[in-house]
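Enquirer: Next up, data-v9.tsv (TSV, C-alpha atoms and all ligand atoms).
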```tsv
chain	number	residue	atom	x	y	z
A	1	MET	CA	-1.66	-47.88	4.59
A	2	THR	CA	0.71	-44.96	4.78
A	3	LYS	CA	-0.18	-41.47	3.74
A	4	PRO	CA	0.89	-40.80	0.15
A	5	SER	CA	3.89	-38.51	-0.23
A	6	LEU	CA	3.62	-35.14	-1.88
A	7	HIS	CA	5.28	-36.60	-4.95
A	8	GLY	CA	2.81	-39.49	-4.92
A	9	ARG	CA	-0.17	-37.15	-4.76
A	10	TYR	CA	1.34	-35.00	-7.52
A	11	MET	CA	1.77	-38.06	-9.73
A	12	GLY	CA	-1.75	-39.20	-8.88
A	13	ALA	CA	-3.21	-35.84	-9.87
A	14	ALA	CA	-1.26	-35.89	-13.13
A	15	ALA	CA	-2.58	-39.38	-13.85
A	16	ALA	CA	-6.14	-38.25	-13.09
A	17	VAL	CA	-5.81	-35.43	-15.63
A	18	ARG	CA	-4.40	-37.83	-18.24
A	19	GLU	CA	-7.14	-40.37	-17.58
A	20	HIS	CA	-9.78	-37.68	-17.86
A	21	ASP	CA	-8.23	-36.54	-21.16
A	22	ALA	CA	-8.40	-40.07	-22.49
A	23	SER	CA	-11.97	-40.76	-21.42
A	24	CYS	CA	-13.83	-37.42	-21.54
A	25	ALA	CA	-15.94	-36.86	-24.64
A	26	THR	CA	-16.42	-33.15	-23.89
A	27	CYS	CA	-12.79	-32.09	-23.62
A	28	SER	CA	-10.72	-31.15	-26.62
A	29	ARG	CA	-7.25	-29.66	-26.90
A	30	ASP	CA	-8.65	-26.11	-26.93
A	31	ARG	CA	-11.70	-26.49	-24.79
A	32	ARG	CA	-11.84	-28.26	-21.43
A	33	CYS	CA	-14.87	-29.17	-19.36
A	34	ALA	CA	-15.50	-28.06	-15.77
A	35	ALA	CA	-14.46	-31.46	-14.37
A	36	TRP	CA	-11.10	-31.19	-16.15
A	37	ARG	CA	-10.56	-27.71	-14.72
A	38	ARG	CA	-11.13	-29.01	-11.20
A	39	LEU	CA	-8.63	-31.83	-11.74
A	40	PHE	CA	-6.12	-29.45	-13.29
A	41	ASP	CA	-6.55	-26.97	-10.46
A	42	VAL	CA	-5.59	-29.69	-7.98
A	43	LEU	CA	-2.65	-30.71	-10.17
A	44	GLU	CA	-1.38	-27.13	-10.39
A	45	ARG	CA	-1.51	-26.68	-6.62
A	46	LEU	CA	0.30	-29.97	-6.01
A	47	GLN	CA	2.86	-29.13	-8.67
A	48	ASP	CA	3.53	-25.76	-7.04
A	49	ALA	CA	3.88	-27.37	-3.63
A	50	TYR	CA	6.11	-30.12	-5.01
A	51	LEU	CA	8.43	-27.74	-6.88
A	52	THR	CA	8.63	-25.42	-3.87
A	53	HIS	CA	9.47	-28.42	-1.68
A	54	GLN	CA	12.15	-29.59	-4.11
A	55	ARG	CA	13.75	-26.16	-4.22
A	56	SER	CA	13.78	-25.88	-0.45
A	57	THR	CA	15.28	-29.35	0.06
A	58	ARG	CA	17.92	-29.00	-2.66
A	59	GLY	CA	18.89	-25.49	-1.67
A	60	THR	CA	19.26	-24.32	-5.25
A	61	SER	CA	17.65	-21.24	-6.67
B	101	ZN	ZN	-13.59	-33.32	-19.65
```
Give the structure from this file in structure tokens form.
Expert:
Amino acid sequence: MTKPSLHGRYMGAAAAVREHDASCATCSRDRRCAAWRRLFDVLERLQDAYLTHQRSTRGTS
């Protein structure tokens, strides 16, 4: 198995947040549980890294 790409991990984190949304009984649109926050924290960091990577490879500002 190869190591997942940054994009793959970003997509995986986004899917984990969506799956949690669909299955968690505690979360609502306005109020999220601690588990959701942890997942979202990971997603935000991967999103930042992914967008930074895209900018640096495309050379646009
Ligand atoms: Zn939740």
Enquirer: Set out as a tab-separated table a contact list for chain A and ligand ZN 101 (chain B) with a cut-off of 6 Å, giving each residue of chain A that qualifies its closest atom pair and distance in Å to one decimal, counting all atoms listed in the file, ordered by chain and rising residue number.
Expert:
```
residue	atom	partner	partner_atom	distance
A:Cys24	CA	B:ZN101	ZN	4.5
A:Thr26	CA	B:ZN101	ZN	5.1
A:Cys27	CA	B:ZN101	ZN	4.2
A:Arg32	CA	B:ZN101	ZN	5.6
A:Cys33	CA	B:ZN101	ZN	4.4
A:Ala35	CA	B:ZN101	ZN	5.7
A:Trp36	CA	B:ZN101	ZN	4.8
```
Enquirer: Could you list, as an MDAnalysis selection string, every residue within 12 Å of Ala16 in chain A, counting all atoms listed in the file and ignoring same-chain residues fewer than 2 positions away?
Expert: chainID A and resid 9:14 18:24 35:43
Enquirer: Considering only C-alpha atoms, state which residue in the set A:Ala25, A:Thr2, A:His7, A:Asp30 is at the smallest distance from Asp48 in chain A.
Expert: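 Nearest to Asp48 in chain A: A:His7.
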Enquirer: With only C-alpha atoms as the atoms that count, which of A:Arg31, A:Gly8, A:Lys3, A:Arg58 lies nearest to Leu46 in chain A?
Expert: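 Using only C-alpha atoms, Leu46 in chain A sits closest to A:Gly8.
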Enquirer: Mind pulling up the distance from CA of Val17 in chain A to CA of Leu51 in chain A?
Expert: 18.4 Å
